[in-house]
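J.: File protein_32.cif below, mmCIF, C-alpha atoms and all ligand atoms:
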```cif
data_my_file
#
loop_
_atom_site.label_atom_id
_atom_site.label_comp_id
_atom_site.auth_asym_id
_atom_site.auth_seq_id
_atom_site.Cartn_x
_atom_site.Cartn_y
_atom_site.Cartn_z
CA MET L 1 98.91 70.27 76.42
CA ILE L 2 97.36 68.09 79.13
CA LEU L 3 93.55 68.05 79.30
CA ASN L 4 91.52 67.00 82.34
CA GLY L 5 89.82 63.76 81.27
CA GLN L 6 86.99 64.30 83.76
CA LEU L 7 85.61 67.19 81.69
CA PRO L 8 83.21 66.48 78.79
CA ALA L 9 84.85 69.33 76.83
CA SER L 10 88.18 67.46 76.98
CA ILE L 11 86.58 64.35 75.50
CA THR L 12 85.17 66.42 72.64
CA GLN L 13 88.51 68.13 72.05
CA ALA L 14 90.25 64.75 72.00
CA ALA L 15 87.75 63.20 69.58
CA GLN L 16 88.03 66.23 67.28
CA ALA L 17 91.82 65.98 67.30
CA LEU L 18 91.54 62.36 66.14
CA GLN L 19 89.09 63.37 63.44
CA ARG L 20 91.50 66.08 62.20
CA GLY L 21 94.26 63.48 61.89
CA ASP L 22 96.26 64.70 64.88
CA LEU L 23 98.06 62.56 67.44
CA LEU L 24 96.61 62.20 70.94
CA GLY L 25 97.92 60.88 74.25
CA LEU L 26 95.11 58.55 75.36
CA PRO L 27 94.76 56.91 78.79
CA THR L 28 93.75 53.24 78.92
CA GLU L 29 93.55 50.88 81.88
CA THR L 30 96.86 49.24 80.82
CA VAL L 31 99.20 52.05 79.70
CA TYR L 32 98.80 55.36 77.85
CA GLY L 33 98.57 55.10 74.07
CA LEU L 34 99.81 57.40 71.31
CA ALA L 35 96.58 57.50 69.34
CA ALA L 36 95.49 58.38 65.80
CA ASP L 37 92.57 57.60 63.48
CA ALA L 38 93.24 54.05 62.23
CA GLY L 39 91.46 54.88 58.98
CA ASN L 40 93.71 57.85 58.19
CA ASP L 41 97.04 56.63 56.75
CA ALA L 42 98.77 60.01 57.16
CA ALA L 43 97.71 60.22 60.80
CA VAL L 44 98.91 56.66 61.45
CA GLY L 45 102.20 57.56 59.74
CA LYS L 46 102.70 60.26 62.37
CA ILE L 47 102.62 57.59 65.10
CA PHE L 48 105.45 55.60 63.52
CA GLN L 49 107.44 58.78 62.99
CA ALA L 50 106.92 60.19 66.50
CA LYS L 51 107.83 56.89 68.17
CA GLY L 52 110.71 56.09 65.85
CA ARG L 53 109.06 52.74 65.28
CA PRO L 54 109.69 50.74 62.08
CA SER L 55 106.60 51.05 59.88
CA ASN L 56 106.25 47.27 59.49
CA HIS L 57 105.67 46.78 63.22
CA PRO L 58 101.88 46.53 63.51
CA LEU L 59 99.84 48.75 65.86
CA ILE L 60 96.82 47.76 67.93
CA VAL L 61 93.51 49.26 66.80
CA HIS L 62 91.18 50.26 69.64
CA VAL L 63 87.42 50.06 69.30
CA ALA L 64 84.58 51.15 71.58
CA SER L 65 82.84 47.75 71.55
CA ALA L 66 83.03 44.19 70.28
CA GLN L 67 80.53 45.25 67.64
CA GLY L 68 83.01 47.88 66.43
CA ALA L 69 85.68 45.20 65.97
CA LYS L 70 83.68 43.55 63.20
CA ARG L 71 84.51 46.37 60.79
CA PHE L 72 88.23 45.53 61.00
CA ALA L 73 88.22 41.75 61.51
CA GLY L 74 87.43 39.09 58.95
CA GLU L 75 86.24 35.79 60.29
CA ILE L 76 86.19 35.68 64.10
CA PRO L 77 86.72 32.12 65.41
CA GLU L 78 84.46 30.93 68.20
CA PHE L 79 87.26 30.85 70.78
CA ALA L 80 88.06 34.50 69.96
CA GLN L 81 84.41 35.42 70.33
CA LYS L 82 84.42 33.81 73.77
CA LEU L 83 87.53 35.76 74.78
CA MET L 84 85.86 39.00 73.70
CA THR L 85 82.73 38.17 75.65
CA ALA L 86 84.73 37.33 78.77
CA PHE L 87 87.31 40.12 78.79
CA TRP L 88 86.14 43.08 76.68
CA PRO L 89 86.21 45.84 77.56
CA GLY L 90 89.52 45.07 79.25
CA PRO L 91 93.27 44.41 79.01
CA LEU L 92 93.18 41.87 76.16
CA THR L 93 94.23 42.29 72.52
CA LEU L 94 93.14 39.75 69.91
CA ILE L 95 95.03 39.22 66.66
CA LEU L 96 92.42 38.43 64.00
CA PRO L 97 92.35 38.16 60.22
CA ARG L 98 92.12 41.70 58.81
CA GLN L 99 89.43 42.95 56.45
CA ALA L 100 91.48 43.63 53.33
CA ASP L 101 90.31 47.23 52.91
CA GLN L 102 90.76 48.28 56.55
CA ALA L 103 93.67 49.83 58.46
CA ALA L 104 96.45 48.38 56.30
CA VAL L 105 99.01 50.99 57.39
CA ALA L 106 98.13 50.60 61.09
CA ALA L 107 98.51 46.83 60.70
CA GLY L 108 102.02 47.32 59.32
CA GLY L 109 100.95 45.65 56.09
CA GLN L 110 100.08 42.34 57.81
CA ASN L 111 96.93 40.51 56.75
CA SER L 112 96.02 40.28 60.43
CA ILE L 113 95.06 43.03 62.86
CA GLY L 114 95.40 43.53 66.61
CA LEU L 115 92.11 44.68 68.14
CA ARG L 116 91.39 45.83 71.67
CA CYS L 117 88.40 47.34 73.44
CA PRO L 118 89.74 49.24 76.47
CA SER L 119 87.71 49.62 79.66
CA HIS L 120 89.13 52.93 80.92
CA PRO L 121 86.14 55.31 81.11
CA VAL L 122 88.09 58.14 79.42
CA ALA L 123 89.22 55.83 76.58
CA GLN L 124 85.64 54.59 76.20
CA ALA L 125 84.28 58.15 76.10
CA VAL L 126 86.86 59.30 73.52
CA LEU L 127 86.33 56.21 71.33
CA ARG L 128 82.54 56.62 71.42
CA GLU L 129 82.62 60.32 70.63
CA ALA L 130 85.23 59.76 67.88
CA GLU L 131 82.93 57.13 66.36
CA THR L 132 80.19 59.74 66.01
CA LEU L 133 82.72 61.85 64.06
CA GLY L 134 83.51 58.98 61.69
CA VAL L 135 86.65 57.68 63.44
CA MET L 136 85.74 53.99 63.65
CA GLY L 137 88.96 52.72 65.18
CA VAL L 138 91.94 54.28 66.93
CA ALA L 139 95.46 52.97 66.34
CA ALA L 140 97.54 53.32 69.48
CA PRO L 141 100.84 51.81 70.51
CA SER L 142 102.14 52.58 73.98
CA ALA L 143 103.02 56.30 74.13
CA ASN L 144 106.76 55.92 74.54
CA LEU L 145 109.73 56.20 72.22
CA PHE L 146 110.53 52.89 70.52
CA GLY L 147 112.06 50.37 72.92
CA ARG L 148 111.56 52.55 76.01
CA VAL L 149 109.44 52.13 79.13
CA SER L 150 105.66 52.41 78.60
CA PRO L 151 103.94 55.41 80.21
CA THR L 152 101.36 54.98 82.97
CA THR L 153 100.61 58.67 83.67
CA ALA L 154 99.92 61.74 81.54
CA ALA L 155 103.16 63.27 82.84
CA HIS L 156 105.12 60.26 81.51
CA VAL L 157 103.63 60.85 78.05
CA ALA L 158 104.52 64.56 78.16
CA PHE L 159 108.06 63.57 79.19
CA GLU L 160 108.34 61.31 76.11
CA PHE L 161 106.81 63.60 73.47
CA GLY L 162 106.80 67.11 74.98
CA GLU L 163 103.98 69.43 75.95
CA GLY L 164 103.13 70.05 72.28
CA LEU L 165 101.23 66.76 72.16
CA LEU L 166 97.56 66.86 73.16
CA ILE L 167 97.21 64.44 76.10
CA VAL L 168 94.07 63.51 77.99
CA ASP L 169 94.79 62.93 81.67
CA GLY L 170 92.97 59.83 82.92
CA GLY L 171 95.04 59.37 86.07
CA ALA L 172 97.51 56.57 86.76
CA CYS L 173 96.72 53.43 84.72
CA GLU L 174 95.17 50.80 86.95
CA VAL L 175 96.70 47.70 85.32
CA GLY L 176 100.11 49.25 84.60
CA ILE L 177 101.46 46.77 82.03
CA GLU L 178 100.29 46.33 78.42
CA SER L 179 97.40 44.09 77.41
CA ALA L 180 97.79 40.36 76.99
CA ILE L 181 97.92 39.55 73.26
CA VAL L 182 96.27 36.37 71.97
CA ASP L 183 96.85 35.37 68.34
CA CYS L 184 93.57 34.01 66.97
CA THR L 185 94.71 33.48 63.37
CA ARG L 186 96.14 29.96 63.63
CA GLY L 187 93.01 27.96 64.38
CA PHE L 188 93.88 27.77 68.08
CA PRO L 189 94.72 30.54 70.60
CA VAL L 190 98.37 31.48 71.19
CA LEU L 191 99.50 33.93 73.86
CA LEU L 192 102.03 36.28 72.21
CA ARG L 193 102.46 38.68 75.13
CA PRO L 194 101.44 37.97 78.74
CA GLY L 195 99.49 40.60 80.64
CA VAL L 196 97.61 40.50 83.92
CA LEU L 197 95.15 37.89 82.64
CA THR L 198 96.58 34.46 83.40
CA LEU L 199 96.89 31.63 80.88
CA ASP L 200 94.39 29.64 82.97
CA ALA L 201 91.82 32.43 83.02
CA LEU L 202 92.15 32.88 79.25
CA SER L 203 91.94 29.12 78.58
CA GLN L 204 88.91 28.71 80.81
CA ALA L 205 87.08 31.60 79.19
CA CYS L 206 87.47 30.23 75.65
CA ASP L 207 87.14 26.50 76.44
CA ALA L 208 90.47 25.83 74.77
CA GLN L 209 94.04 25.47 75.95
CA VAL L 210 95.75 28.77 75.18
CA ARG L 211 99.33 27.93 74.25
CA THR L 212 102.30 30.17 74.74
CA GLN L 213 104.44 31.23 71.81
CA GLU L 214 107.52 29.77 73.53
CA ALA L 215 105.88 26.35 73.79
CA LEU L 216 105.36 26.26 70.00
CA GLN L 217 108.10 25.50 67.50
CA THR L 218 106.77 27.93 64.89
CA PRO L 219 108.08 31.51 64.73
CA ALA L 220 106.00 34.36 66.20
CA PRO L 221 104.48 36.94 63.89
CA LYS L 222 106.49 40.15 63.73
CA ALA L 223 105.72 42.10 66.90
CA SER L 224 107.96 44.68 68.52
CA GLY L 225 106.65 43.81 71.99
CA THR L 226 108.25 40.42 71.49
CA LEU L 227 111.75 41.76 70.85
CA ASP L 228 114.08 40.52 73.58
CA ALA L 229 115.22 43.99 74.60
CA HIS L 230 112.26 46.27 75.25
CA TYR L 231 110.77 48.37 78.01
CA ALA L 232 114.25 49.57 78.92
CA PRO L 233 115.06 52.48 81.20
CA SER L 234 118.43 54.29 80.83
CA ALA L 235 119.92 52.60 83.89
CA LYS L 236 121.06 48.98 83.60
CA VAL L 237 118.42 46.62 84.98
CA GLN L 238 119.34 43.35 86.66
CA LEU L 239 117.01 40.72 88.07
CA LEU L 240 118.52 39.08 91.14
CA ASP L 241 117.30 36.56 93.69
CA SER L 242 117.20 37.61 97.34
CA GLN L 243 120.41 35.77 98.27
CA THR L 244 122.41 37.37 95.48
CA LEU L 245 120.98 40.75 96.46
CA ALA L 246 122.08 40.29 100.05
CA LEU L 247 125.59 39.33 98.93
CA ARG L 248 125.91 42.23 96.54
CA LEU L 249 124.72 44.72 99.12
CA MET L 250 127.39 43.86 101.66
CA PRO L 251 128.95 47.29 102.43
CA SER L 252 132.44 46.37 101.22
CA ARG L 253 131.11 45.42 97.79
CA VAL L 254 128.76 48.30 97.03
CA SER L 255 131.10 51.28 97.20
CA PRO L 256 132.91 50.85 93.85
CA LEU L 257 129.60 50.77 92.02
CA GLY L 258 127.50 53.76 91.01
CA LYS L 259 124.23 54.88 92.50
CA ILE L 260 121.87 51.91 92.74
CA GLY L 261 118.10 51.73 92.71
CA LEU L 262 116.83 48.67 94.55
CA TRP L 263 113.30 47.28 94.18
CA ALA L 264 112.86 44.34 96.51
CA ARG L 265 110.15 42.75 98.60
CA ALA L 266 109.62 43.74 102.22
CA THR L 267 110.58 40.29 103.53
CA THR L 268 113.90 40.45 101.69
CA LEU L 269 114.63 44.01 102.77
CA GLN L 270 114.20 43.00 106.41
CA THR L 271 117.19 40.72 106.07
CA ILE L 272 119.51 43.24 104.39
CA ASP L 273 121.37 46.18 105.83
CA VAL L 274 120.97 48.52 102.87
CA PRO L 275 123.85 50.99 102.38
CA ALA L 276 123.08 54.72 102.11
CA GLN L 277 123.99 55.03 98.43
CA VAL L 278 121.19 52.62 97.52
CA LEU L 279 117.83 54.13 96.71
CA LEU L 280 115.42 51.69 98.24
CA GLN L 281 111.85 51.02 97.12
CA THR L 282 109.58 48.22 98.31
CA MET L 283 108.23 45.83 95.68
CA PRO L 284 104.59 44.86 96.34
CA ASP L 285 103.94 41.21 97.20
CA ASP L 286 100.79 41.19 95.09
CA PRO L 287 101.37 40.69 91.33
CA LYS L 288 98.62 43.14 90.33
CA LEU L 289 99.97 45.87 92.58
CA CYS L 290 103.44 45.12 91.27
CA ALA L 291 102.27 45.46 87.63
CA HIS L 292 100.54 48.72 88.52
CA ALA L 293 103.76 50.16 89.99
CA LEU L 294 106.35 48.62 87.64
CA PHE L 295 106.89 51.16 84.84
CA ALA L 296 106.49 54.21 87.08
CA GLN L 297 109.12 52.69 89.38
CA LEU L 298 111.62 52.19 86.53
CA ARG L 299 111.04 55.78 85.39
CA MET L 300 111.44 57.09 88.93
CA PHE L 301 114.82 55.37 89.29
CA ASP L 302 115.93 56.92 85.97
CA GLN L 303 114.85 60.36 87.13
CA GLN L 304 116.87 59.92 90.30
CA GLY L 305 119.91 59.29 88.11
CA VAL L 306 120.76 55.78 89.28
CA THR L 307 123.26 53.88 87.13
CA ASP L 308 121.94 50.45 88.04
CA ILE L 309 118.51 49.10 88.92
CA TRP L 310 118.48 45.87 90.91
CA VAL L 311 115.12 44.15 91.01
CA GLU L 312 114.29 41.13 93.11
CA GLN L 313 113.34 38.19 90.92
CA PRO L 314 109.55 37.78 91.23
CA PRO L 315 108.09 34.33 91.94
CA ASN L 316 107.96 31.97 88.97
CA ALA L 317 104.16 31.61 89.18
CA PRO L 318 101.45 32.05 86.52
CA GLU L 319 100.03 35.27 87.98
CA TRP L 320 103.48 36.86 87.80
CA ALA L 321 104.01 36.07 84.07
CA GLY L 322 103.28 39.60 82.82
CA VAL L 323 105.55 41.30 85.35
CA LEU L 324 108.31 38.74 84.82
CA ASP L 325 108.10 39.20 81.03
CA ARG L 326 108.50 43.01 81.24
CA LEU L 327 111.31 42.81 83.79
CA THR L 328 113.18 40.19 81.78
CA ARG L 329 112.98 42.36 78.65
CA ALA L 330 113.99 45.48 80.58
CA ALA L 331 117.03 43.56 81.82
CA ALA L 332 117.92 42.28 78.33
CA SER L 333 119.22 45.58 76.95
O1 LIG L 401 97.88 47.66 76.48
C1 LIG L 401 98.19 47.81 75.30
O2 LIG L 401 98.11 46.90 74.47
C2 LIG L 401 98.70 49.21 74.88
C3 LIG L 401 97.53 50.18 75.02
C4 LIG L 401 97.88 51.55 74.53
O3 LIG L 401 96.40 49.67 74.38
N1 LIG L 401 99.21 49.17 73.55
C5 LIG L 401 100.38 48.59 73.22
O4 LIG L 401 100.76 48.77 71.92
O5 LIG L 401 101.05 47.99 74.03
P1 LIG L 401 102.21 48.46 71.37
O6 LIG L 401 102.22 48.90 69.96
O7 LIG L 401 103.24 49.07 72.26
O8 LIG L 401 102.30 46.91 71.39
C6 LIG L 401 101.46 46.22 70.50
C7 LIG L 401 102.00 44.86 70.24
C8 LIG L 401 103.28 44.92 69.46
O9 LIG L 401 104.13 43.92 69.96
C9 LIG L 401 102.79 44.58 68.07
O10 LIG L 401 103.79 44.10 67.24
C10 LIG L 401 101.69 43.59 68.36
O11 LIG L 401 101.05 44.16 69.45
N2 LIG L 401 100.76 43.48 67.25
C11 LIG L 401 99.87 44.41 66.83
N3 LIG L 401 99.23 43.98 65.73
C12 LIG L 401 99.71 42.74 65.46
C13 LIG L 401 99.48 41.78 64.44
N4 LIG L 401 98.61 41.99 63.45
N5 LIG L 401 100.15 40.63 64.50
C14 LIG L 401 101.05 40.40 65.48
N6 LIG L 401 101.34 41.27 66.46
C15 LIG L 401 100.69 42.43 66.44
MG MG L 402 104.94 49.37 73.41
#
```
Show how you would write the structure in this file as structure tokens.
Ligand code: TXA
Ligand code: MG
T.:
Amino acid sequence: MILNGQLPASITQAAQALQRGDLLGLPTETVYGLAADAGNDAAVGKIFQAKGRPSNHPLIVHVASAQGAKRFAGEIPEFAQKLMTAFWPGPLTLILPRQADQAAVAAGGQNSIGLRCPSHPVAQAVLREAETLGVMGVAAPSANLFGRVSPTTAAHVAFEFGEGLLIVDGGACEVGIESAIVDCTRGFPVLLRPGVLTLDALSQACDAQVRTQEALQTPAPKASGTLDAHYAPSAKVQLLDSQTLALRLMPSRVSPLGKIGLWARATTLQTIDVPAQVLLQTMPDDPKLCAHALFAQLRMFDQQGVTDIWVEQPPNAPEWAGVLDRLTRAAAS
């Protein structure tokens, strides 16, 4: 059932569902989450089961405020505190040492925990009301089946899990890709998953150089968002530069292929004579608008039954890192 997130009664219904130990489709500014009370092991178990996610892949625990994070985190290093101050509530997850007696199942048995304070007003309202009912943190991975495209509307969540799931409709997610994840357990900040916040913005906010996992020689902690193949639609995704796109779309070459979904920038499309069998969509030039549209676009192509999705390679610039990461993983499967 989909509830209207604008209504106070929906917020109450959602908070009560969490308190009962039920699953809930929860809007956040990044993507929709499949939420459950982080303190209720049976409820958290339902998340892993519904998603088909291995139970040792840790979930993010959502809190209403930075204050609320203290219950779950052990020592919070100064650089992590600065990141919280700068970006919470917002699209940033911090991996922190976990309080031994808190949310062990949600954390997939790790001695660390991923914490995030979302800014979406509906998420905030649900988290605050749930807190008054004794739900101090809400575990929520993206509300999609394991390995599939993250949902950015209530309808996407219903498509993944059916109408039997209680879902709060908070509109289309503004950010559109998952939060940036910064590991704060190694004595210095490490970006595990890029989001819309750039490495520079993160580094500046915490007065430390945030390193990327790739730049380090040490292995990343276990994290399903860091699997190579992830965020995959049913159609085969390929990332192609504008010249390759133009070559591939020459009429004589397209016909033997199936139905193609093409997501390319306006400037590129001007130079190509796109054949009729190609379903054409314009890729925004702005990285934030592109992130906002990305997952809905992949789902739309799937719904249209395309066999192949060709996406123009986005610029190799810092503000495109989040979009590039998701597209690369979508293309890897
Ligand atoms: O924007 C988001 O972060 C969304 C919304 C719903 O908040 N959530 C989300 O959750 O993307 P999920 O489960 O799809 O991705 C969480 C990522 C996974 O890669 C997970 O392994 C990693 O965070 N993670 C969570 N806790 C961790 C921990 N203790 N150590 C390392 N990685 C962790
Ligand atoms: Mg996910």
J.: Ranking L:Arg128, L:Arg248, L:Arg326, L:Lys259 by minimum distance to ligand LIG 401 (chain L) and counting all atoms listed in the file, which one comes first?
T.: L:Arg326
J.: Just the residues within 9 Å of L:Ala296, please, counting all atoms listed in the file, with nothing from its chain fewer than 3 positions along; format it as a list of chain:residue names.
T.: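 That gives L:Val149, L:Ser150, L:Pro151, L:Thr152, L:Thr153, L:His156, L:Gly176, L:His292, L:Ala293, L:Arg299, L:Met300, L:Phe301.
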J.: Kindly export the residues of the current selection with C-alpha atoms, as an mmCIF file, keeping the file's coordinate frame.
T.:
```
data_model
loop_
_atom_site.group_PDB
_atom_site.id
_atom_site.type_symbol
_atom_site.label_atom_id
_atom_site.label_comp_id
_atom_site.auth_asym_id
_atom_site.auth_seq_id
_atom_site.Cartn_x
_atom_site.Cartn_y
_atom_site.Cartn_z
ATOM 1 C CA VAL L 149 109.440 52.130 79.130
ATOM 2 C CA SER L 150 105.660 52.410 78.600
ATOM 3 C CA PRO L 151 103.940 55.410 80.210
ATOM 4 C CA THR L 152 101.360 54.980 82.970
ATOM 5 C CA THR L 153 100.610 58.670 83.670
ATOM 6 C CA HIS L 156 105.120 60.260 81.510
ATOM 7 C CA GLY L 176 100.110 49.250 84.600
ATOM 8 C CA HIS L 292 100.540 48.720 88.520
ATOM 9 C CA ALA L 293 103.760 50.160 89.990
ATOM 10 C CA ARG L 299 111.040 55.780 85.390
ATOM 11 C CA MET L 300 111.440 57.090 88.930
ATOM 12 C CA PHE L 301 114.820 55.370 89.290
#
```
J.: Find the residues near ligand MG 402 (chain L). Use a cut-off of 9 Å, count all atoms listed in the file, and write them as a PyMOL selection string.
T.: chain L and resi 31+33+141-150+178+224-225+230-231
J.: Which one of L:Val44, L:Leu294, L:Ala180, L:Ala17 sits closest to L:Pro194 if you count all atoms listed in the file?
T.: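 Using all atoms listed in the file, L:Pro194 sits closest to L:Ala180.
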J.: Could you give me, as a VMD selection string, the residues that sit within 8 Å of (90.5, 46.8, 70.5) in the file's coordinates, counting only C-alpha atoms?
T.: chain L and resid 60 to 66 69 92 to 94 114 to 118
J.: Between atom CA of L:Leu239 and atom CA of L:Ala154, what is the distance, to one decimal in Å?
T.: 27.9 Å
J.: With distances taken over only C-alpha atoms and all ligand atoms, which residue among L:Pro77, L:Pro89, L:Gly39, L:Pro97 lies nearest ligand LIG 401 (chain L)?
T.: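 Among L:Pro77, L:Pro89, L:Gly39, L:Pro97, it is L:Pro97 that comes nearest to ligand LIG 401 (chain L).
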J.: Ranking L:Ala86, L:Lys46, L:Ala140, L:Pro8 by minimum distance to L:Ala201 and counting all atoms listed in the file, which one comes first?
T.: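 Looking only at the distances to L:Ala201, the closest residue turns out to be L:Ala86.
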J.: Mind pulling up the distance from atom N5 of ligand LIG 401 (chain L) to atom CA of L:Gly195?
T.: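 The value is 16.2 Å.
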